[in-house]
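Structure file upload33.txt (compact mmCIF, C-alpha atoms) follows.
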# COMPACT_ATOMS: atom_id res chain seq x y z
CA MET A 1 0.00 0.00 0.00
CA LYS A 2 1.24 3.51 -0.82
CA ILE A 3 0.13 6.92 0.44
CA GLU A 4 1.05 10.20 -1.22
CA CYS A 5 1.72 13.10 1.16
CA ALA A 6 1.90 16.65 -0.14
CA ASP A 7 3.84 18.03 2.82
CA VAL A 8 5.32 17.43 6.26
CA ALA A 9 1.94 17.85 7.99
CA GLU A 10 0.42 15.04 5.94
CA THR A 11 3.43 12.81 6.65
CA MET A 12 2.93 13.40 10.36
CA ALA A 13 -0.82 12.75 10.02
CA VAL A 14 -0.18 9.30 8.52
CA GLY A 15 2.00 8.45 11.53
CA ARG A 16 -0.76 9.70 13.84
CA ARG A 17 -3.29 7.43 12.07
CA LEU A 18 -0.95 4.46 12.53
CA ALA A 19 -0.89 4.83 16.32
CA PRO A 20 -4.34 3.25 17.01
CA LEU A 21 -3.26 0.14 15.09
CA LEU A 22 -0.22 -0.41 17.34
CA ARG A 23 -0.17 -3.14 19.98
CA PRO A 24 2.30 -3.89 22.78
CA GLY A 25 5.40 -5.58 21.40
CA ASP A 26 4.99 -4.23 17.85
CA VAL A 27 8.01 -3.40 15.71
CA VAL A 28 7.90 -0.69 13.03
CA LEU A 29 10.96 -0.46 10.79
CA LEU A 30 11.45 2.80 8.90
CA ALA A 31 13.48 3.22 5.73
CA GLY A 32 14.27 6.29 3.64
CA ARG A 33 17.22 8.47 2.83
CA LEU A 34 18.45 11.28 5.07
CA GLY A 35 15.81 13.98 5.29
CA ALA A 36 13.03 11.71 4.03
CA GLY A 37 10.82 12.44 7.03
CA LYS A 38 11.33 9.40 9.25
CA THR A 39 11.46 11.44 12.45
CA VAL A 40 8.43 13.48 11.35
CA PHE A 41 6.55 10.21 10.83
CA VAL A 42 7.61 9.04 14.31
CA SER A 43 6.40 12.37 15.73
CA GLY A 44 2.97 11.58 14.30
CA ILE A 45 3.00 8.13 15.89
CA ALA A 46 4.00 9.67 19.22
CA GLU A 47 1.22 12.26 19.05
CA GLY A 48 -1.27 9.47 18.32
CA LEU A 49 0.03 7.55 21.35
CA GLY A 50 -0.51 10.56 23.62
CA ILE A 51 3.19 11.30 24.03
CA ASP A 52 3.65 14.97 24.92
CA ALA A 53 7.46 15.14 24.71
CA PRO A 54 9.08 16.56 21.59
CA ILE A 55 10.40 13.79 19.34
CA THR A 56 13.96 14.20 18.16
CA SER A 57 16.10 11.90 16.08
CA PRO A 58 18.03 9.42 18.21
CA SER A 59 20.94 9.48 15.73
CA PHE A 60 23.61 10.19 18.33
CA VAL A 61 22.08 8.64 21.46
CA LEU A 62 20.74 5.67 19.42
CA VAL A 63 17.67 5.07 21.64
CA ARG A 64 15.02 7.25 23.26
CA THR A 65 12.02 6.06 25.24
CA TYR A 66 8.72 7.86 25.69
CA GLN A 67 5.58 7.23 27.75
CA GLY A 68 2.04 7.73 26.50
CA PHE A 69 -1.07 5.57 26.21
CA LEU A 70 1.44 3.00 24.99
CA GLY A 71 5.16 3.35 25.58
CA MET A 72 7.39 3.89 22.57
CA THR A 73 11.08 3.12 22.11
CA HIS A 74 12.54 5.13 19.22
CA ALA A 75 15.86 3.81 17.93
CA ASP A 76 18.21 4.71 15.10
CA ALA A 77 20.31 2.03 13.38
CA TYR A 78 22.19 4.42 11.05
CA ARG A 79 25.42 4.45 13.06
CA LEU A 80 25.41 0.78 14.03
CA GLY A 81 28.27 -1.26 12.64
CA SER A 82 26.95 -4.75 13.36
CA PHE A 83 24.06 -6.80 14.68
CA GLY A 84 26.11 -7.21 17.85
CA GLU A 85 25.88 -3.47 18.46
CA LEU A 86 22.12 -3.69 17.87
CA TRP A 87 21.73 -6.40 20.51
CA ASP A 88 23.98 -4.46 22.91
CA LEU A 89 21.28 -1.76 22.91
CA GLY A 90 18.90 -4.24 24.55
CA LEU A 91 15.95 -3.10 22.43
CA GLU A 92 13.94 -6.24 23.08
CA GLU A 93 14.01 -5.41 26.80
CA THR A 94 13.10 -1.74 26.37
CA VAL A 95 9.96 -2.47 24.36
CA GLY A 96 8.14 -4.44 27.07
CA ASP A 97 4.52 -3.38 26.89
CA GLY A 98 5.24 -0.68 24.33
CA VAL A 99 6.25 -0.47 20.69
CA LEU A 100 9.61 -0.23 18.98
CA VAL A 101 10.11 2.16 16.06
CA VAL A 102 13.51 1.90 14.34
CA GLU A 103 14.80 4.52 11.92
CA TRP A 104 17.06 2.98 9.29
CA GLY A 105 15.28 -0.26 10.13
CA ASN A 106 16.05 -1.58 6.66
CA VAL A 107 19.68 -1.92 7.78
CA VAL A 108 18.74 -4.32 10.59
CA ASP A 109 15.37 -5.67 9.50
CA SER A 110 16.45 -9.34 9.46
CA ALA A 111 17.20 -9.05 13.19
CA PHE A 112 13.52 -8.51 13.99
CA GLY A 113 12.00 -11.55 12.28
CA GLU A 114 8.84 -11.69 10.26
CA ASP A 115 6.43 -9.85 12.55
CA ALA A 116 7.03 -6.21 11.67
CA LEU A 117 5.63 -3.32 9.70
CA VAL A 118 8.15 -1.93 7.22
CA VAL A 119 7.55 1.70 6.27
CA ASN A 120 9.50 3.23 3.38
CA ILE A 121 9.43 7.00 2.92
CA GLU A 122 10.53 8.46 -0.40
CA VAL A 123 10.98 12.16 -1.05
CA GLY A 124 9.49 13.68 -4.18
CA SER A 125 9.37 17.28 -5.30
CA ASP A 126 9.27 20.00 -2.64
CA ASP A 127 7.96 18.46 0.61
CA ALA A 128 5.98 15.69 -1.11
CA ARG A 129 6.55 12.15 0.09
CA THR A 130 5.41 8.68 -0.85
CA ILE A 131 4.97 6.35 2.10
CA SER A 132 4.73 2.64 1.35
CA PHE A 133 3.91 -0.12 3.81
CA GLU A 134 4.99 -3.75 3.84
CA ALA A 135 2.95 -5.76 6.33
CA ARG A 136 4.64 -8.85 7.73
CA GLY A 137 3.33 -11.45 10.15
CA SER A 138 0.43 -10.24 12.32
CA TRP A 139 0.45 -6.92 10.45
CA ARG A 140 -1.16 -8.64 7.43
CA ALA A 141 -4.42 -8.93 9.39
CA ARG A 142 -4.54 -5.28 10.43
CA ALA A 143 -6.60 -2.59 8.75
CA LEU A 144 -3.76 -0.61 7.14
CA GLU A 145 -6.24 0.87 4.66
CA GLU A 146 -7.33 3.13 7.56
CA LEU A 147 -4.05 5.01 7.08
CA ALA A 148 -5.10 6.41 3.70

Give the structure from this file in C-alpha cells form.
Amino acid sequence: MKIECADVAETMAVGRRLAPLLRPGDVVLLAGRLGAGKTVFVSGIAEGLGIDAPITSPSFVLVRTYQGFLGMTHADAYRLGSFGELWDLGLEETVGDGVLVVEWGNVVDSAFGEDALVVNIEVGSDDARTISFEARGSWRARALEELA
C-alpha cells in the first residue's frame, strides 16, 4: 500500500493514524534516505500515542524512550556497525509493553524476524513524500487501509 503526502503535515498525520493500530510488542521499521521524514513520521506516531514530549532523532544517542497511552522506544540504526551493536542496545528489553520504532530499520530488518511493519518514505518534489507499507506477520491482518 502507498500513500502520497503533499507536505510534512500530511506525513505526520499518517503516523498519527498508525498509532491506534499499534499493539504492545509491535516493531515498526522505517526506511528512507536522510531527510526523508522518518522522524516526522515518528512524531505523528507519538502524538497518536498521547506522548507529549518533543520527538527528536536518536541518531547520536541511538535510543530514546517515551511514555504515552502506549510506551514507545525510538531507535536509530544508522550508526550501528553490526548486529552485535544492535543487541547491545537491549531493544527487546526496552519495548516491554510498548512499541519499537527503528529509523534505518532496513539496515537491521532481518534481526527482527517476520512480525514487523516496514515503512519506506521516499521524497518527491518539494515536501511531497510517498509512504509505502509492507505488512509482515500479524500486520497482514490489520486494517492498514485506515491510514489512507

Length of the atom CA of Arg64 of chain A to atom CA of Thr39 of chain A vector [Å]: 12.1 Å

With only C-alpha atoms as the counted atoms, please give the residues lying no more than 8 Å from Glu122 of chain A, apart from itself and same-chain residues fewer than 4 positions off, as a PyMOL selection string. chain A and resi 32-33+36+129-131

Nearest candidate to Leu30 of chain A (options A:Met1, A:Leu117, A:Ala141, A:Ala148; using only C-alpha atoms):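 Distance minimum relative to Leu30 of chain A lands on A:Leu117.
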
Proximity to Pro54 of chain A - best of A:Ser138, A:Ser125, A:Ser110, A:Gln67, all atoms listed in the file: A:Gln67

Close residues, Leu49 of chain A itself excluded, 12 Å, only C-alpha atoms, min 5 positions apart in chain, as number ranges by chain: A: 15-24, 42-44, 66-73, 98-99

What is the distance, in Å and to one decimal place, between atom CA of Glu146 of chain A and atom CA of Cys5 of chain A? 14.9 Å

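The spacing separating atom CA of Asp115 of chain A from atom CA of Met12 of chain A amounts to 23.6 Å.
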
Within 12 Å of Arg136 of chain A, counting only C-alpha atoms, which residues show up once you throw out same-chain ones fewer than 2 positions away? Write them as a ChimeraX atom specification, please. /A:26-29,109-110,112-119,133-134,138-142,144

Pick the closest to Val123 of chain A from A:Leu34, A:Gly25, A:Thr65, A:Asp52: which is it, counting only C-alpha atoms?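 Smallest distance to Val123 of chain A is found for A:Leu34.
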
Applying 12 Å and all atoms listed in the file, which residues near Asp127 of chain A remain after dropping the ones on its own chain fewer than 6 positions away? List them as a PDB file with C-alpha atoms, in the coordinates of the input.
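Saved to result-v7.pdb:
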ATOM      1  CA  GLU A   4       1.050  10.200  -1.220  1.00  0.00           C
ATOM      2  CA  CYS A   5       1.720  13.100   1.160  1.00  0.00           C
ATOM      3  CA  ALA A   6       1.900  16.650  -0.140  1.00  0.00           C
ATOM      4  CA  ASP A   7       3.840  18.030   2.820  1.00  0.00           C
ATOM      5  CA  VAL A   8       5.320  17.430   6.260  1.00  0.00           C
ATOM      6  CA  ALA A   9       1.940  17.850   7.990  1.00  0.00           C
ATOM      7  CA  GLU A  10       0.420  15.040   5.940  1.00  0.00           C
ATOM      8  CA  THR A  11       3.430  12.810   6.650  1.00  0.00           C
ATOM      9  CA  GLY A  35      15.810  13.980   5.290  1.00  0.00           C
ATOM     10  CA  ALA A  36      13.030  11.710   4.030  1.00  0.00           C
ATOM     11  CA  GLY A  37      10.820  12.440   7.030  1.00  0.00           C
ATOM     12  CA  VAL A  40       8.430  13.480  11.350  1.00  0.00           C
ATOM     13  CA  ILE A 121       9.430   7.000   2.920  1.00  0.00           C
TER      14      ILE A 121
END

Got a sec: who's within 7 Å of Trp104 of chain A, counting only C-alpha atoms, leaving out chain neighbours fewer than 5 positions off, as a count of residues only? 5

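Take the candidates A:Ala75, A:Ala13, A:Ala135, A:Ala143 and check each one against Phe41 of chain A using only C-alpha atoms; the shortest distance goes to A:Ala13.
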
N, CA and C atoms are needed for segment 38-70 of chain A; please write them out as a compact mmCIF listing (two decimals), in the coordinates of the input.
# COMPACT_ATOMS: atom_id res chain seq x y z
N LYS A 38 11.53 10.49 8.29
CA LYS A 38 11.33 9.40 9.25
C LYS A 38 10.99 9.92 10.64
N THR A 39 11.72 10.91 11.12
CA THR A 39 11.46 11.44 12.45
C THR A 39 10.13 12.18 12.50
N VAL A 40 9.75 12.83 11.42
CA VAL A 40 8.43 13.48 11.35
C VAL A 40 7.34 12.43 11.47
N PHE A 41 7.51 11.31 10.76
CA PHE A 41 6.55 10.21 10.83
C PHE A 41 6.44 9.68 12.26
N VAL A 42 7.59 9.51 12.92
CA VAL A 42 7.61 9.04 14.31
C VAL A 42 6.92 10.05 15.22
N SER A 43 7.09 11.33 14.94
CA SER A 43 6.40 12.37 15.73
C SER A 43 4.89 12.20 15.64
N GLY A 44 4.40 11.84 14.46
CA GLY A 44 2.97 11.58 14.30
C GLY A 44 2.53 10.38 15.10
N ILE A 45 3.32 9.30 15.08
CA ILE A 45 3.00 8.13 15.89
C ILE A 45 2.93 8.53 17.36
N ALA A 46 3.94 9.26 17.81
CA ALA A 46 4.00 9.67 19.22
C ALA A 46 2.77 10.50 19.60
N GLU A 47 2.40 11.44 18.76
CA GLU A 47 1.22 12.26 19.05
C GLU A 47 -0.02 11.37 19.17
N GLY A 48 -0.14 10.39 18.28
CA GLY A 48 -1.27 9.47 18.32
C GLY A 48 -1.27 8.57 19.55
N LEU A 49 -0.09 8.36 20.13
CA LEU A 49 0.03 7.55 21.35
C LEU A 49 -0.10 8.40 22.62
N GLY A 50 -0.36 9.69 22.46
CA GLY A 50 -0.51 10.56 23.62
C GLY A 50 0.80 10.95 24.27
N ILE A 51 1.88 10.91 23.51
CA ILE A 51 3.19 11.30 24.03
C ILE A 51 3.33 12.81 23.84
N ASP A 52 3.57 13.51 24.95
CA ASP A 52 3.65 14.97 24.92
C ASP A 52 5.05 15.49 24.64
N ALA A 53 6.08 14.69 24.87
CA ALA A 53 7.46 15.14 24.71
C ALA A 53 7.78 15.37 23.25
N PRO A 54 8.64 16.36 22.97
CA PRO A 54 9.08 16.56 21.59
C PRO A 54 9.90 15.35 21.13
N ILE A 55 9.68 14.94 19.90
CA ILE A 55 10.40 13.79 19.34
C ILE A 55 11.58 14.30 18.54
N THR A 56 12.76 13.84 18.89
CA THR A 56 13.96 14.20 18.16
C THR A 56 14.64 12.92 17.68
N SER A 57 15.40 13.05 16.63
CA SER A 57 16.10 11.90 16.08
C SER A 57 17.08 11.35 17.11
N PRO A 58 17.08 10.02 17.28
CA PRO A 58 18.03 9.42 18.21
C PRO A 58 19.36 9.08 17.55
N SER A 59 19.74 9.80 16.50
CA SER A 59 20.94 9.48 15.73
C SER A 59 22.20 9.35 16.57
N PHE A 60 22.37 10.22 17.56
CA PHE A 60 23.61 10.19 18.33
C PHE A 60 23.47 9.43 19.64
N VAL A 61 22.27 9.39 20.21
CA VAL A 61 22.08 8.64 21.46
C VAL A 61 21.61 7.22 21.17
N LEU A 62 21.19 6.96 19.96
CA LEU A 62 20.74 5.67 19.42
C LEU A 62 19.35 5.24 19.88
N VAL A 63 18.98 5.51 21.14
CA VAL A 63 17.67 5.07 21.64
C VAL A 63 17.07 6.12 22.56
N ARG A 64 15.79 6.39 22.36
CA ARG A 64 15.02 7.25 23.26
C ARG A 64 13.73 6.52 23.61
N THR A 65 13.28 6.68 24.83
CA THR A 65 12.02 6.06 25.24
C THR A 65 11.05 7.15 25.67
N TYR A 66 9.78 6.89 25.39
CA TYR A 66 8.72 7.86 25.69
C TYR A 66 7.54 7.11 26.30
N GLN A 67 6.78 7.81 27.14
CA GLN A 67 5.58 7.23 27.75
C GLN A 67 4.35 7.97 27.26
N GLY A 68 3.33 7.21 26.91
CA GLY A 68 2.04 7.73 26.50
C GLY A 68 1.00 6.68 26.82
N PHE A 69 -0.08 6.62 26.02
CA PHE A 69 -1.07 5.57 26.21
C PHE A 69 -0.40 4.21 26.08
N LEU A 70 0.60 4.17 25.23
CA LEU A 70 1.44 3.00 24.99
C LEU A 70 2.85 3.54 24.92
